[in-house]
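Asker: Once you've had a glance at the structure underneath, I'll fire off some questions.
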Amino acid sequence: MSIIKKGVCAINPQLKRGTLELCVLALVCRGDCYGYELVNRISASMHITEGTIYPLLKRLKDNGSISSYIVESQEGPPRKYYQITDIGKEEKERQEKEWRDFSDSVEKLISGEGE
């Protein structure tokens, strides 16, 4: 069930869990990001917490989809930036195709297309 709150969509946790990895890979594919930045960018569209993102980033790093590096900051502590790897690009493409096929199938079912 989806609920709109202040322009941010609250999505069923099971749906969110299944697509959050693709969202992170897509954002990091567009440019290097640090964890809190990812939380803010994703939170602009759906409600998530830092506690959701950091375990996912660790898992993506462990499986070779992303790598990280540290950048010193004049505004606070050093930031860990994440960047996509070739493995991550391939995984993003695979998940994106899977998502598009799935969402097209669901759209056909709910719209009654083909009946």
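Ordered as shown in the structure tokens, chains take letters A, B, and onward, while each chain numbers its residues from 1 and ligands are numbered from 1 in the order shown.
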Tell me, counting only C-alpha atoms, for each residue of segment 49-107 of chain A within 9 Å of segment 17-37 of chain A, which pair of atoms is nearest and how far apart they are in Å to one decimal, in rows ordered by chain and increasing number, as JSON lines.

Answerer:
```
{"residue": "A:Glu50", "atom": "CA", "partner": "A:Tyr36", "partner_atom": "CA", "distance": 7.1}
{"residue": "A:Ile53", "atom": "CA", "partner": "A:Gly35", "partner_atom": "CA", "distance": 7.2}
{"residue": "A:Tyr54", "atom": "CA", "partner": "A:Gly35", "partner_atom": "CA", "distance": 6.9}
{"residue": "A:Leu56", "atom": "CA", "partner": "A:Glu21", "partner_atom": "CA", "distance": 7.1}
{"residue": "A:Leu57", "atom": "CA", "partner": "A:Gly35", "partner_atom": "CA", "distance": 7.9}
{"residue": "A:Leu60", "atom": "CA", "partner": "A:Glu21", "partner_atom": "CA", "distance": 8.2}
{"residue": "A:Ser65", "atom": "CA", "partner": "A:Leu25", "partner_atom": "CA", "distance": 8.1}
{"residue": "A:Ile66", "atom": "CA", "partner": "A:Leu25", "partner_atom": "CA", "distance": 8.2}
{"residue": "A:Ser68", "atom": "CA", "partner": "A:Tyr34", "partner_atom": "CA", "distance": 8.9}
{"residue": "A:Arg79", "atom": "CA", "partner": "A:Tyr34", "partner_atom": "CA", "distance": 6.5}
{"residue": "A:Lys80", "atom": "CA", "partner": "A:Tyr34", "partner_atom": "CA", "distance": 5.6}
{"residue": "A:Tyr81", "atom": "CA", "partner": "A:Tyr34", "partner_atom": "CA", "distance": 4.2}
{"residue": "A:Tyr82", "atom": "CA", "partner": "A:Cys33", "partner_atom": "CA", "distance": 5.4}
{"residue": "A:Gln83", "atom": "CA", "partner": "A:Asp32", "partner_atom": "CA", "distance": 4.8}
{"residue": "A:Ile84", "atom": "CA", "partner": "A:Cys29", "partner_atom": "CA", "distance": 5.6}
{"residue": "A:Thr85", "atom": "CA", "partner": "A:Cys29", "partner_atom": "CA", "distance": 8.6}
{"residue": "A:Gly88", "atom": "CA", "partner": "A:Leu25", "partner_atom": "CA", "distance": 6.9}
{"residue": "A:Lys89", "atom": "CA", "partner": "A:Cys29", "partner_atom": "CA", "distance": 7.0}
{"residue": "A:Glu91", "atom": "CA", "partner": "A:Leu25", "partner_atom": "CA", "distance": 8.2}
{"residue": "A:Lys92", "atom": "CA", "partner": "A:Leu25", "partner_atom": "CA", "distance": 5.8}
{"residue": "A:Gln95", "atom": "CA", "partner": "A:Leu22", "partner_atom": "CA", "distance": 6.3}
{"residue": "A:Glu96", "atom": "CA", "partner": "A:Leu22", "partner_atom": "CA", "distance": 6.9}
{"residue": "A:Trp99", "atom": "CA", "partner": "A:Thr19", "partner_atom": "CA", "distance": 8.1}
```

Asker: Where in segment 23-67 of chain A does DSSP assign helix (DSSP H, G or I), given as a PyMOL selection string?

Answerer: chain A and resi 23-30+35-43+50-62

Asker: Would you mind writing down, as a list in words, each residue of chain A that DSSP on the backbone assigns to strand (DSSP E or B)?

Answerer: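 Of chain A, the ones in strand (DSSP E or B) are Ile3, Ile4, Lys5, Val8, Cys9, Ala10, Cys33, Tyr34, Met46, Ile66, Ser67, Ser68, Tyr69, Ile70, Val71, Arg79, Lys80, Tyr81, Tyr82, Gln83 and Ile84 of chain A.
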